[in-house]
Structure formats: structure tokens, C-alpha cells
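A.B. asks: work.txt (compact mmCIF, C-alpha atoms) pasted underneath:
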```
# COMPACT_ATOMS: atom_id res chain seq x y z
CA MET P 36 9.51 -17.74 32.32
CA ALA P 37 11.91 -16.21 34.80
CA ARG P 38 8.99 -14.24 36.12
CA ILE P 39 6.93 -17.39 36.60
CA ASN P 40 9.81 -19.14 38.37
CA GLN P 41 10.21 -16.10 40.58
CA LEU P 42 6.55 -16.15 41.54
CA ALA P 43 6.58 -19.90 42.05
CA ALA P 44 9.58 -19.59 44.32
CA ALA P 45 7.87 -16.83 46.27
CA VAL P 46 4.73 -18.91 46.67
CA LEU P 47 6.78 -21.93 47.73
CA LEU P 48 8.62 -19.87 50.29
CA LEU P 49 5.48 -18.32 51.72
CA GLY P 50 3.60 -21.60 51.61
CA ALA P 51 6.33 -23.30 53.57
CA GLY P 52 5.77 -20.80 56.35
CA LEU P 53 9.33 -19.58 56.27
CA PRO P 54 9.84 -16.24 57.93
CA ALA P 55 10.24 -13.04 56.00
CA ALA P 56 13.78 -12.31 57.12
CA ALA P 57 14.28 -8.60 57.45
CA HIS P 58 17.85 -8.38 56.27
CA HIS P 59 19.13 -7.69 52.80
CA SER P 60 22.37 -9.47 51.98
CA PHE P 61 25.05 -8.21 49.59
CA ALA P 62 26.67 -11.67 49.62
CA ILE P 63 25.96 -12.28 45.91
CA PHE P 64 28.69 -9.73 45.16
CA ASP P 65 32.45 -10.30 45.34
CA HIS P 66 33.92 -8.42 48.30
CA THR P 67 37.56 -9.17 47.33
CA GLN P 68 37.90 -7.45 43.95
CA THR P 69 36.33 -4.81 41.76
CA HIS P 70 35.86 -4.40 38.01
CA THR P 71 36.29 -1.09 36.24
CA LEU P 72 33.94 -0.74 33.30
CA LYS P 73 34.01 2.10 30.77
CA GLY P 74 30.98 2.41 28.60
CA LYS P 75 27.76 4.10 27.60
CA VAL P 76 24.62 4.22 29.72
CA VAL P 77 21.67 2.43 28.11
CA SER P 78 19.18 3.17 30.88
CA PHE P 79 18.97 4.37 34.47
CA GLN P 80 16.17 2.62 36.36
CA TRP P 81 15.15 4.85 39.31
CA THR P 82 13.24 2.36 41.47
CA ASN P 83 13.13 0.72 44.88
CA PRO P 84 14.39 -1.43 46.45
CA HIS P 85 17.30 -0.89 44.05
CA GLY P 86 18.17 1.43 41.21
CA TYR P 87 19.86 -0.04 38.13
CA ILE P 88 22.14 1.21 35.36
CA ASP P 89 22.36 -0.84 32.18
CA LEU P 90 25.73 -0.29 30.57
CA ASP P 91 27.12 -1.00 27.09
CA VAL P 92 30.72 -1.80 28.00
CA ALA P 93 33.51 -0.56 25.73
CA GLU P 94 36.45 -1.27 28.06
CA GLY P 95 36.51 -3.83 30.83
CA PRO P 96 37.16 -7.50 31.54
CA ALA P 97 37.25 -9.63 28.39
CA GLY P 98 33.94 -10.90 27.09
CA ILE P 99 31.69 -8.31 28.73
CA ASP P 100 29.47 -6.19 26.51
CA ARG P 101 26.18 -5.48 28.34
CA TYR P 102 26.38 -5.11 32.13
CA THR P 103 23.72 -4.71 34.83
CA VAL P 104 24.80 -2.36 37.59
CA GLU P 105 22.80 -2.50 40.83
CA LEU P 106 22.54 0.54 43.09
CA THR P 107 21.17 0.96 46.60
CA SER P 108 17.62 2.06 47.37
CA ILE P 109 16.80 5.30 45.58
CA ASN P 110 15.66 6.78 48.90
CA MET P 111 19.18 6.28 50.23
CA LEU P 112 20.56 7.72 46.96
CA ARG P 113 18.37 10.81 47.31
CA ARG P 114 19.50 11.41 50.87
CA ALA P 115 23.08 11.11 49.61
CA GLY P 116 22.38 13.84 47.05
CA TRP P 117 21.65 11.80 43.92
CA LYS P 118 18.92 12.74 41.46
CA SER P 119 17.24 10.63 38.81
CA SER P 120 18.54 13.15 36.28
CA ASP P 121 22.18 12.61 37.28
CA VAL P 122 22.64 9.75 34.83
CA LYS P 123 21.11 9.69 31.34
CA PRO P 124 21.08 7.25 28.45
CA GLY P 125 24.08 7.96 26.25
CA ASP P 126 26.29 9.24 29.09
CA GLU P 127 29.88 8.01 28.89
CA VAL P 128 30.76 6.71 32.34
CA THR P 129 33.30 4.65 34.23
CA ALA P 130 31.71 2.33 36.80
CA ILE P 131 33.63 0.62 39.57
CA VAL P 132 31.62 -2.40 40.63
CA ALA P 133 31.79 -5.39 42.96
CA PRO P 134 31.03 -8.15 40.43
CA LEU P 135 28.57 -10.99 40.89
CA LEU P 136 30.32 -14.03 42.37
CA ASN P 137 28.57 -16.36 39.90
CA GLY P 138 30.34 -14.71 36.96
CA GLU P 139 27.21 -13.31 35.33
CA HIS P 140 27.50 -9.83 33.90
CA GLY P 141 26.23 -7.78 36.78
CA GLY P 142 27.60 -6.07 39.86
CA LEU P 143 27.06 -3.63 42.69
CA LEU P 144 28.01 -0.01 42.00
CA LEU P 145 30.68 1.37 44.33
CA GLU P 146 31.65 4.47 42.31
CA LEU P 147 30.53 6.16 39.10
CA LYS P 148 32.81 8.60 37.25
CA MET P 149 31.02 10.88 34.83
CA SER P 150 32.63 12.37 31.70
CA ASP P 151 32.20 15.89 33.13
CA GLY P 152 34.53 15.00 36.01
CA ARG P 153 31.87 14.30 38.65
CA THR P 154 32.30 11.19 40.76
CA LEU P 155 29.07 9.80 42.21
CA VAL P 156 29.32 7.43 45.17
CA PRO P 157 26.23 5.47 46.23
CA PRO P 158 25.67 5.03 49.99
CA VAL P 159 26.33 1.27 50.04
CA PRO P 160 26.05 -0.03 53.63
CA ALA P 161 29.42 -1.30 54.93
CA ILE P 162 31.11 -0.10 51.72
CA ASN P 163 34.48 -0.51 53.44
CA THR P 164 34.04 -4.28 53.35
CA PHE P 165 34.48 -4.19 49.56
CA GLN P 166 38.16 -4.31 48.59
CA LYS P 167 38.93 -2.26 45.51
CA SER P 168 41.28 -3.72 42.90
CA PRO P 169 44.20 -1.46 42.02
CA MET H 19 -13.76 24.88 115.09
CA PRO H 20 -10.25 25.37 116.40
CA GLY H 21 -8.18 27.71 114.32
CA SER H 22 -5.50 25.14 113.61
CA LEU H 23 -8.00 22.66 112.07
CA ARG H 24 -9.58 25.38 109.98
CA PHE H 25 -6.10 26.22 108.73
CA SER H 26 -5.44 22.56 107.91
CA LEU H 27 -8.67 22.19 105.93
CA ALA H 28 -7.85 25.29 103.95
CA GLY H 29 -4.40 23.89 103.31
CA LEU H 30 -5.87 20.57 102.20
CA ALA H 31 -8.24 22.30 99.80
CA ALA H 32 -5.37 24.32 98.38
CA ALA H 33 -3.25 21.20 98.01
CA ALA H 34 -6.10 19.37 96.29
CA ALA H 35 -6.55 22.30 93.91
CA ILE H 36 -2.85 22.21 93.07
CA VAL H 37 -2.94 18.45 92.48
CA MET H 38 -5.97 18.80 90.19
CA THR H 39 -4.28 21.60 88.28
CA LEU H 40 -1.08 19.60 87.88
CA SER H 41 -3.04 16.56 86.77
CA ALA H 42 -4.87 18.58 84.13
CA ALA H 43 -1.55 20.06 83.01
CA ALA H 44 -0.05 16.59 82.76
CA GLN H 45 -2.93 15.44 80.57
CA SER H 46 -2.74 18.43 78.27
CA ALA H 47 1.03 18.44 78.15
CA VAL H 48 1.65 15.13 76.45
CA PRO H 49 4.76 15.53 74.33
CA ASP H 50 4.38 16.32 70.65
CA LEU H 51 5.90 13.45 68.69
CA THR H 52 4.65 14.56 65.27
CA GLY H 53 7.42 14.67 62.70
CA SER H 54 10.17 12.58 61.13
CA TRP H 55 12.50 10.34 63.13
CA GLU H 56 15.39 7.99 62.45
CA ARG H 57 17.48 5.62 64.54
CA TYR H 58 19.79 7.49 66.89
CA ARG H 59 23.17 6.17 67.90
CA GLY H 60 24.89 8.72 70.10
CA PRO H 61 28.56 8.85 71.07
CA ALA H 62 29.80 6.44 73.73
CA GLY H 63 28.55 7.43 77.16
CA ASP H 64 25.57 9.38 75.80
CA ALA H 65 22.71 8.86 78.28
CA ALA H 66 20.27 8.90 75.33
CA ASN H 67 21.76 5.65 74.03
CA PRO H 68 19.45 2.81 75.04
CA PRO H 69 20.76 -0.24 76.88
CA PRO H 70 22.31 -2.92 74.64
CA GLU H 71 19.80 -5.23 72.99
CA PRO H 72 19.62 -8.52 74.88
CA PRO H 73 19.24 -11.78 72.94
CA PRO H 74 15.73 -13.22 72.87
CA PRO H 75 15.16 -15.42 75.97
CA LEU H 76 13.97 -18.34 73.83
CA LYS H 77 12.99 -21.74 75.13
CA GLU H 78 15.60 -24.32 74.25
CA ASN H 79 13.96 -25.94 71.20
CA PHE H 80 13.24 -22.53 69.66
CA ARG H 81 16.75 -21.38 70.48
CA ALA H 82 18.13 -24.38 68.58
CA GLU H 83 15.88 -23.64 65.60
CA LEU H 84 16.97 -20.00 65.48
CA ASP H 85 20.66 -20.89 65.85
CA ALA H 86 20.35 -23.39 62.99
CA ARG H 87 18.56 -20.84 60.82
CA ARG H 88 21.17 -18.18 61.44
CA ALA H 89 24.02 -20.65 60.84
CA ALA H 90 22.41 -21.64 57.52
CA GLN H 91 22.16 -17.95 56.57
CA ARG H 92 25.82 -17.37 57.40
CA GLU H 93 26.89 -20.41 55.39
CA ALA H 94 24.74 -19.36 52.43
CA ASP H 95 26.21 -15.86 52.57
CA ALA H 96 29.72 -17.30 52.71
CA ARG H 97 28.96 -19.35 49.57
CA GLY H 98 27.74 -16.19 47.84
CA GLU H 99 24.25 -17.69 47.65
CA PRO H 100 22.27 -15.69 50.22
CA GLN H 101 18.78 -16.89 51.06
CA ALA H 102 16.11 -14.70 49.55
CA SER H 103 14.46 -12.47 52.14
CA ASN H 104 11.32 -10.38 52.36
CA VAL H 105 13.31 -7.65 50.59
CA THR H 106 13.73 -9.93 47.57
CA HIS H 107 9.98 -10.46 47.46
CA CYS H 108 8.99 -6.83 48.07
CA ILE H 109 7.33 -7.84 51.34
CA PRO H 110 7.32 -5.27 54.17
CA ASP H 111 8.81 -5.82 57.64
CA GLY H 112 5.76 -5.44 59.85
CA VAL H 113 5.73 -4.83 63.60
CA PRO H 114 8.07 -4.47 65.39
CA SER H 115 10.80 -4.79 62.69
CA MET H 116 9.65 -1.59 60.98
CA MET H 117 10.68 0.30 64.13
CA SER H 118 14.31 -0.87 63.76
CA GLY H 119 15.31 1.26 60.74
CA PRO H 120 17.44 1.92 58.79
CA PHE H 121 14.91 4.13 56.98
CA PRO H 122 13.22 7.06 58.77
CA PHE H 123 9.59 7.07 59.85
CA GLU H 124 7.02 9.76 60.49
CA ILE H 125 4.71 10.09 63.48
CA LEU H 126 1.38 11.86 62.98
CA GLN H 127 -0.07 12.45 66.43
CA GLY H 128 -3.73 13.17 67.00
CA ALA H 129 -5.87 13.11 70.12
CA ALA H 130 -7.69 9.92 69.11
CA GLN H 131 -5.16 8.23 66.82
CA ILE H 132 -1.43 8.16 66.19
CA ASN H 133 -0.07 6.90 62.87
CA ILE H 134 3.50 5.78 62.31
CA ALA H 135 4.50 5.77 58.64
CA GLN H 136 7.72 3.92 57.92
CA GLU H 137 9.46 5.18 54.77
CA ALA H 138 10.58 1.71 53.64
CA TYR H 139 7.71 0.06 51.78
CA SER H 140 5.42 2.96 52.86
CA GLN H 141 4.34 0.90 55.88
CA ILE H 142 1.72 2.39 58.20
CA ARG H 143 0.72 1.47 61.73
CA ARG H 144 -2.39 2.92 63.27
CA ILE H 145 -2.57 3.29 67.05
CA TYR H 146 -6.06 3.96 68.41
CA LEU H 147 -6.15 5.96 71.64
CA GLY H 148 -8.82 5.44 74.25
CA LYS H 149 -10.18 2.28 72.61
CA PRO H 150 -10.09 -1.17 74.18
CA GLN H 151 -7.98 -3.91 72.62
CA GLN H 152 -10.00 -6.51 70.79
CA SER H 153 -9.96 -10.24 71.31
CA LEU H 154 -7.45 -12.06 69.12
CA ASP H 155 -10.38 -14.03 67.71
CA ASP H 156 -11.79 -10.79 66.29
CA ILE H 157 -8.57 -9.76 64.57
CA GLU H 158 -7.29 -11.03 61.23
CA LEU H 159 -3.55 -11.61 61.65
CA GLY H 160 -1.39 -9.26 59.62
CA PHE H 161 1.89 -7.38 59.38
CA TYR H 162 0.97 -4.61 61.82
CA GLY H 163 -1.64 -6.28 64.01
CA ARG H 164 -4.02 -4.10 65.99
CA SER H 165 -2.61 -1.40 68.22
CA VAL H 166 -4.30 0.62 70.95
CA GLY H 167 -2.54 3.22 73.04
CA GLU H 168 -2.89 5.52 75.99
CA TRP H 169 -0.85 8.29 77.49
CA LYS H 170 0.44 7.52 80.96
CA GLY H 171 1.89 10.87 81.97
CA ASP H 172 4.53 11.69 79.37
CA THR H 173 4.74 8.09 78.11
CA LEU H 174 2.71 6.64 75.25
CA VAL H 175 1.95 2.99 76.02
CA VAL H 176 0.97 0.94 72.97
CA ASP H 177 -0.51 -2.55 73.06
CA THR H 178 -0.30 -4.68 69.91
CA ILE H 179 -1.59 -8.15 69.06
CA GLY H 180 -2.41 -9.97 65.83
CA ILE H 181 0.96 -10.36 64.07
CA LYS H 182 1.24 -13.15 61.49
CA GLU H 183 3.54 -15.92 62.62
CA TYR H 184 5.85 -15.65 59.65
CA VAL H 185 6.32 -11.89 60.15
CA ARG H 186 9.37 -12.26 62.31
CA PHE H 187 11.56 -9.76 64.10
CA ARG H 188 15.27 -10.70 63.90
CA ASP H 189 14.10 -14.10 62.60
CA VAL H 190 12.82 -14.93 66.10
CA PRO H 191 9.86 -17.33 65.98
CA HIS H 192 6.58 -16.46 67.66
CA THR H 193 3.03 -17.73 67.94
CA ARG H 194 -0.20 -15.97 67.03
CA ASP H 195 -0.50 -15.10 70.74
CA MET H 196 2.52 -12.77 70.69
CA HIS H 197 1.74 -9.62 72.68
CA ILE H 198 3.81 -6.47 72.22
CA THR H 199 3.86 -3.54 74.64
CA GLU H 200 5.72 -0.40 73.63
CA ARG H 201 6.56 2.62 75.75
CA PHE H 202 7.36 5.73 73.75
CA LYS H 203 9.04 8.45 75.77
CA LEU H 204 11.16 11.50 75.00
CA VAL H 205 14.45 11.13 76.85
CA ARG H 206 15.59 14.46 75.44
CA PRO H 207 13.50 17.01 73.54
CA ASP H 208 14.73 15.52 70.26
CA VAL H 209 15.49 11.92 71.22
CA LEU H 210 12.67 9.40 71.50
CA TRP H 211 12.85 5.91 72.98
CA ASP H 212 10.63 3.02 72.03
CA GLU H 213 10.94 0.37 74.74
CA ILE H 214 9.52 -2.80 73.22
CA THR H 215 8.46 -5.75 75.35
CA ILE H 216 7.52 -8.95 73.56
CA GLU H 217 5.56 -11.60 75.46
CA ASP H 218 4.92 -15.06 74.05
CA PRO H 219 5.01 -17.69 76.82
CA ALA H 220 4.93 -20.63 74.38
CA VAL H 221 8.23 -19.48 72.85
CA LEU H 222 9.95 -17.17 75.32
CA GLU H 223 11.13 -18.09 78.83
CA LYS H 224 10.29 -14.55 79.94
CA PRO H 225 9.33 -11.23 78.29
CA TRP H 226 11.95 -9.89 75.85
CA THR H 227 12.54 -6.17 76.27
CA LEU H 228 14.68 -4.03 74.00
CA THR H 229 14.81 -0.33 73.27
CA PHE H 230 15.38 1.71 70.11
CA ALA H 231 16.35 5.39 70.21
CA TYR H 232 15.41 7.85 67.48
CA ARG H 233 16.48 11.38 66.69
CA ARG H 234 14.06 14.02 65.45
CA MET H 235 14.60 15.13 61.83
CA PRO H 236 13.02 18.60 61.84
CA ASP H 237 13.19 19.32 58.10
CA TYR H 238 12.98 15.81 56.67
CA GLU H 239 10.02 14.96 54.46
CA ILE H 240 9.37 11.23 54.08
CA ILE H 241 10.09 10.01 50.55
CA GLU H 242 7.67 7.62 48.85
CA TYR H 243 8.83 4.02 48.58
CA VAL H 244 7.21 1.55 46.21
CA CYS H 245 8.92 -1.78 45.64
CA GLU H 246 9.00 -1.74 41.86
CA ASP H 247 10.73 -4.13 39.47
CA ASN H 248 13.37 -5.56 41.77
CA ARG H 249 15.83 -7.38 39.52
CA GLU H 250 16.92 -9.49 42.46
CA TYR H 251 14.81 -12.62 42.63
CA ALA H 252 14.67 -15.98 44.37
CA ASP H 253 15.56 -18.99 42.25
CA GLU H 254 13.88 -22.39 42.65
CA ASN H 255 16.11 -23.09 45.68
CA GLY H 256 15.26 -19.81 47.40
CA VAL H 257 18.67 -18.35 46.59
CA THR H 258 18.96 -14.64 45.76
CA ARG H 259 19.93 -14.01 42.12
CA LEU H 260 20.30 -10.86 40.04
CA ARG H 261 18.57 -10.75 36.64
CA VAL H 262 21.17 -9.44 34.20
CA GLY H 263 21.32 -8.48 30.56
CA GLN H 264 17.96 -6.77 30.23
CA SER H 265 17.48 -3.06 30.20
CA ASP H 266 14.66 -1.16 31.84
CA PRO H 267 11.62 -1.71 29.58
CA ARG H 268 10.12 1.69 30.42
```
Before we go any further, please render this structure as C-alpha cells.

C.D. replies:
Amino acid sequence: MARINQLAAAVLLLGAGLPAAAHHSFAIFDHTQTHTLKGKVVSFQWTNPHGYIDLDVAEGPAGIDRYTVELTSINMLRRAGWKSSDVKPGDEVTAIVAPLLNGEHGGLLLELKMSDGRTLVPPVPAINTFQKSP
Amino acid sequence: MPGSLRFSLAGLAAAAAIVMTLSAAAQSAVPDLTGSWERYRGPAGDAANPPPEPPPPLKENFRAELDARRAAQREADARGEPQASNVTHCIPDGVPSMMSGPFPFEILQGAAQINIAQEAYSQIRRIYLGKPQQSLDDIELGFYGRSVGEWKGDTLVVDTIGIKEYVRFRDVPHTRDMHITERFKLVRPDVLWDEITIEDPAVLEKPWTLTFAYRRMPDYEIIEYVCEDNREYADENGVTRLRVGQSDPR
């Protein structure tokens, strides 16, 4: 159903003759605070225009169990040194994310700490505009 | 024949020979643009930095429309409900937006055709050299239009028409008659300028010229880019949302 709505919205937009604006906005994410989520990786989706990590959360804000973590374009990730094999299902990780403003259980990845001590930072444009919570 | 005239004719012939040789050299010595490039922003004062981008010289009613559109975008962003864009819908940028970055592009330069492959969305423009431009009536409007080019000395001049009206650069409106002229020129061995002039008399008070600079990336191989299962989507109001709670089905 969501898929159908998505297509319908796309058709409406195109049909209305609205321009295909070239920018991508990160305004759905909270720029004033971060969440720190400890948990287990369910999947690492290596795709454009965004990669995604699905996380089973063990420690984090109350009421959050499954979380959708958005990453930048995988082309940008690759140029920053990431590989699709860097994160695997079952990995215990700590993700620092800018949460969705609408309160749904998703956010933009700002930093990923792996259990082997590695810290992976995605090349988020204007990452300095996101204030990290202490 | 007086000696001095004979001398002059000989000199003229020699000069002509030199001119012809130089001309042939100029034709054969077009710069080699083949390879990967990305936007270049040099340090302050760097002569390879292009002039600042001027705002589009829009006619008043179009200026008002663009201002209103941009204000609505800013307000939507401030509410945390950004308007869905072509990125949300996996739709490529088209010409000339695809020349603005941030992803690299690759130029493949041949004698009869030059292709520019933009990494984002694997977009390709084809520039035909030595062919006439077609009439707009013979072109189906699209994202890249039809481009023909010719070398004028060390400068590649590219003429493009046939861009769909909703394929907008910087959200600036245009008609189907928009005409784009680009001048590609190396300003340093590894810095390329694309001077873009957009003409559309129904919308613009005068031609809009802006320039992008690119740096050569000698070892960079373009990475494939397919827009595949974007979990960001547009809701029924055209607002960007993120689909949460589902894992990758693959």
C-alpha cells in the first residue's frame, strides 16, 4: 500500500508539472540532538541513493526496539573508505544518529562504533550542522 | 621584378606556410579531456576559481514564482517536512544540473563524439561533433536534450536544445525553447572550466552565464550508481518521509 501511495504521489507530482528539484534535504532529521543506540545489525543495505542499516536495539531511548539507520550514498561511502563488507548481520554496534523529527524509529547515521574498536564515520554533507548530545 | 618585391613575395609565402602549419597544429592539438573530473574549488585568490555564480536574470513574474518556491522549500525544511525532490523519486538531474556535482563525471573524447558520464544516476550526455543542430520540432524533449559541438581552437563549444520544461536547474523555470551554449576550456592542465550560457527570452531578461570548474582525477574510476530501493518516499502531500521498521528483503 505504501508503495502504491508512493507511486501515486510521484505521478501526481510529475503530472502537476512541478520541477524535479535537484537538492536533497536532510531536514527530516533532528539537527539539535543525537541518539546513541547499542544493538545488533539485522541487515546492511548497500544501495543508492542511500545505504541502510536495520538495527535491533538493546540499549537506547525507551520504547525503541527496531531502528532504521539511513546512510549517505554508497558512492560517497566508498570514496570515504567504506566497504559493503564492513558491517554484517549479527555485528554488535553502537550507532550515533540524528533521529527523525516525527518521532518514528529511524535516523541518519553520524557515527558507527564497531565491537572491534573501529569507528566508521559516513561522509554526511554539512555534518557539523548536527549537534551531538553529550 | 625588383629585388625588394621578390623578397616580399618570398616572405609572404613563408608567412603563409607558417600560418597554415600553425592552423593545422591548432586543429590537431585540441586538449585531451578524457578522464574523470569533479568540481574544483581552489583556495581564495586562485585564478582557476571561476567568477561567482550570478543569480538568474529572470523576468519579474518568473522571479516572483521562483522566490515563492524557494521560500516554501525553506519553510518546509524548517518544519522538518522537506518537499520531495527528484532524488526522492530516483529521477536524474539532466542538463545542465548534472554538470554541477557533487559527484564526479567522466569525459570520453573521440574525434566525432564526446560523451560525458555523470556518476550520479549513471547519466550520459552525448555531444556530436561536426553535425548540425536539429530543429526543436525534430527533437523529443528529454533530460539531456540534443548536443552538438565543435572545437574552436582549444575551446569545445557545445550547443544544446530540447530540455523538458520540468527538468530545472536550480529550480529556475524555462520554456521548451531554452538554448544552452557551453564552452569547455582547460584553464590549467588539470583544471577545466565549463562556461554555461542559458538563453530563454520568454523567461530571462538576458542570457544567464555561469561557470563551473573541475579538477582532473587521474586515477579515479567512475563507480556505478543505480537508484535502488530508496526508503525515502513522498507522502500524499509531497513531503519526504523515511520508511522505517522493515529490513532489507534481499

A.B. asks: Measure the distance from atom CA of Lys123 of chain P to atom CA of Gly95 of chain P in Å and round it to one decimal.

C.D. replies: 20.5 Å

A.B. asks: Within 12 Å of (9.9, -10.5, 60.3), in the coordinates the file gives, what residues turn up when you count only C-alpha atoms, written out as a short mmCIF file (atom, residue, chain, number, x, y, z; two decimals) with C-alpha atoms, in the coordinates of the input?

C.D. replies:
```cif
data_model
loop_
_atom_site.label_atom_id
_atom_site.label_comp_id
_atom_site.auth_asym_id
_atom_site.auth_seq_id
_atom_site.Cartn_x
_atom_site.Cartn_y
_atom_site.Cartn_z
CA GLY P 52 5.77 -20.80 56.35
CA LEU P 53 9.33 -19.58 56.27
CA PRO P 54 9.84 -16.24 57.93
CA ALA P 55 10.24 -13.04 56.00
CA ALA P 56 13.78 -12.31 57.12
CA ALA P 57 14.28 -8.60 57.45
CA HIS P 58 17.85 -8.38 56.27
CA SER H 103 14.46 -12.47 52.14
CA ASN H 104 11.32 -10.38 52.36
CA VAL H 105 13.31 -7.65 50.59
CA ILE H 109 7.33 -7.84 51.34
CA PRO H 110 7.32 -5.27 54.17
CA ASP H 111 8.81 -5.82 57.64
CA GLY H 112 5.76 -5.44 59.85
CA VAL H 113 5.73 -4.83 63.60
CA PRO H 114 8.07 -4.47 65.39
CA SER H 115 10.80 -4.79 62.69
CA MET H 116 9.65 -1.59 60.98
CA MET H 117 10.68 0.30 64.13
CA SER H 118 14.31 -0.87 63.76
CA GLY H 160 -1.39 -9.26 59.62
CA PHE H 161 1.89 -7.38 59.38
CA TYR H 162 0.97 -4.61 61.82
CA ILE H 181 0.96 -10.36 64.07
CA LYS H 182 1.24 -13.15 61.49
CA GLU H 183 3.54 -15.92 62.62
CA TYR H 184 5.85 -15.65 59.65
CA VAL H 185 6.32 -11.89 60.15
CA ARG H 186 9.37 -12.26 62.31
CA PHE H 187 11.56 -9.76 64.10
CA ARG H 188 15.27 -10.70 63.90
CA ASP H 189 14.10 -14.10 62.60
CA VAL H 190 12.82 -14.93 66.10
CA PRO H 191 9.86 -17.33 65.98
CA HIS H 192 6.58 -16.46 67.66
#
```

A.B. asks: Do me a favour and pick out the residues of chain H within 9 Å of chain P, using all atoms listed in the file, as a ChimeraX atom specification.

C.D. replies: /H:94-111,115,121,137-139,183-191,241-256,258-266,268

A.B. asks: Using all atoms listed in the file, pick whichever of P:Leu72, P:Leu144, P:Ala161, P:Val156 has the shortest atom-to-atom distance to Ala115 of chain P.

C.D. replies: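 Once distances to Ala115 of chain P are computed over all atoms listed in the file, the minimum belongs to P:Val156.
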
A.B. asks: Between H:Arg233, H:Arg88, H:Lys77, H:His197, which has the minimum distance to Asp218 of chain H (counting only C-alpha atoms)?

C.D. replies: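 Of the candidates, the smallest distance to Asp218 of chain H is held by H:His197.
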
A.B. asks: So the first atom is atom CA of Trp226 of chain H and the second is atom CA of Arg194 of chain H; what is the distance between them in Å, to one decimal place?

C.D. replies: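 Atom-to-atom, atom CA of Trp226 of chain H and atom CA of Arg194 of chain H are spaced 16.2 Å apart.
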
A.B. asks: Would you work out the distance separating atom CA of Gly119 of chain H from atom CA of Ala89 of chain H, expressed in Å to one decimal?

C.D. replies: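 Taking atom CA of Gly119 of chain H and atom CA of Ala89 of chain H, their separation equals 23.6 Å.
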
A.B. asks: Go through P:Val76, P:Thr107, P:Val132, P:Thr71 one by one, measure the shortest atom-to-atom distance of each to Ser150 of chain P using only C-alpha atoms, and give the residue with the smallest value.

C.D. replies: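 Among the listed residues, the smallest separation from Ser150 of chain P belongs to P:Val76.
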
A.B. asks: Go through H:Arg143, H:Gly60, H:Ala82, H:Glu71 and flag the residue nearest Thr215 of chain H, using only C-alpha atoms for the distances.

C.D. replies: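 Under the stated criterion, the closest residue is H:Glu71.
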
A.B. asks: When you count all atoms listed in the file, which of these residues is closest to Gly138 of chain P: P:Leu106, P:Ile99, P:Leu155, P:Ala93?

C.D. replies: P:Ile99

A.B. asks: N, CA and C atoms are needed for segment 79-92 of chain H; please write them out as an mmCIF file, in the frame of the given file.

C.D. replies:
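Listed below is the output, rebuild-v1.cif:
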```cif
data_model
loop_
_atom_site.group_PDB
_atom_site.id
_atom_site.type_symbol
_atom_site.label_atom_id
_atom_site.label_comp_id
_atom_site.auth_asym_id
_atom_site.auth_seq_id
_atom_site.Cartn_x
_atom_site.Cartn_y
_atom_site.Cartn_z
ATOM 1 N N ASN H 79 14.186 -25.414 72.557
ATOM 2 C CA ASN H 79 13.960 -25.940 71.200
ATOM 3 C C ASN H 79 13.875 -24.808 70.174
ATOM 4 N N PHE H 80 13.318 -23.658 70.586
ATOM 5 C CA PHE H 80 13.240 -22.530 69.660
ATOM 6 C C PHE H 80 14.611 -21.871 69.484
ATOM 7 N N ARG H 81 15.381 -21.889 70.556
ATOM 8 C CA ARG H 81 16.750 -21.380 70.480
ATOM 9 C C ARG H 81 17.549 -22.190 69.457
ATOM 10 N N ALA H 82 17.402 -23.504 69.511
ATOM 11 C CA ALA H 82 18.130 -24.380 68.580
ATOM 12 C C ALA H 82 17.697 -24.106 67.138
ATOM 13 N N GLU H 83 16.392 -23.902 66.954
ATOM 14 C CA GLU H 83 15.880 -23.640 65.600
ATOM 15 C C GLU H 83 16.448 -22.321 65.068
ATOM 16 N N LEU H 84 16.472 -21.300 65.918
ATOM 17 C CA LEU H 84 16.970 -20.000 65.480
ATOM 18 C C LEU H 84 18.478 -20.067 65.188
ATOM 19 N N ASP H 85 19.216 -20.750 66.067
ATOM 20 C CA ASP H 85 20.660 -20.890 65.850
ATOM 21 C C ASP H 85 20.937 -21.584 64.516
ATOM 22 N N ALA H 86 20.159 -22.637 64.245
ATOM 23 C CA ALA H 86 20.350 -23.390 62.990
ATOM 24 C C ALA H 86 20.026 -22.505 61.789
ATOM 25 N N ARG H 87 18.952 -21.725 61.922
ATOM 26 C CA ARG H 87 18.560 -20.840 60.820
ATOM 27 C C ARG H 87 19.633 -19.794 60.540
ATOM 28 N N ARG H 88 20.149 -19.215 61.614
ATOM 29 C CA ARG H 88 21.170 -18.180 61.440
ATOM 30 C C ARG H 88 22.473 -18.776 60.903
ATOM 31 N N ALA H 89 22.806 -19.984 61.348
ATOM 32 C CA ALA H 89 24.020 -20.650 60.840
ATOM 33 C C ALA H 89 23.862 -20.926 59.339
ATOM 34 N N ALA H 90 22.661 -21.363 58.941
ATOM 35 C CA ALA H 90 22.410 -21.640 57.520
ATOM 36 C C ALA H 90 22.531 -20.357 56.698
ATOM 37 N N GLN H 91 22.042 -19.233 57.266
ATOM 38 C CA GLN H 91 22.160 -17.950 56.570
ATOM 39 C C GLN H 91 23.623 -17.554 56.396
ATOM 40 N N ARG H 92 24.395 -17.736 57.476
ATOM 41 C CA ARG H 92 25.820 -17.370 57.400
ATOM 42 C C ARG H 92 26.546 -18.227 56.362
#
```
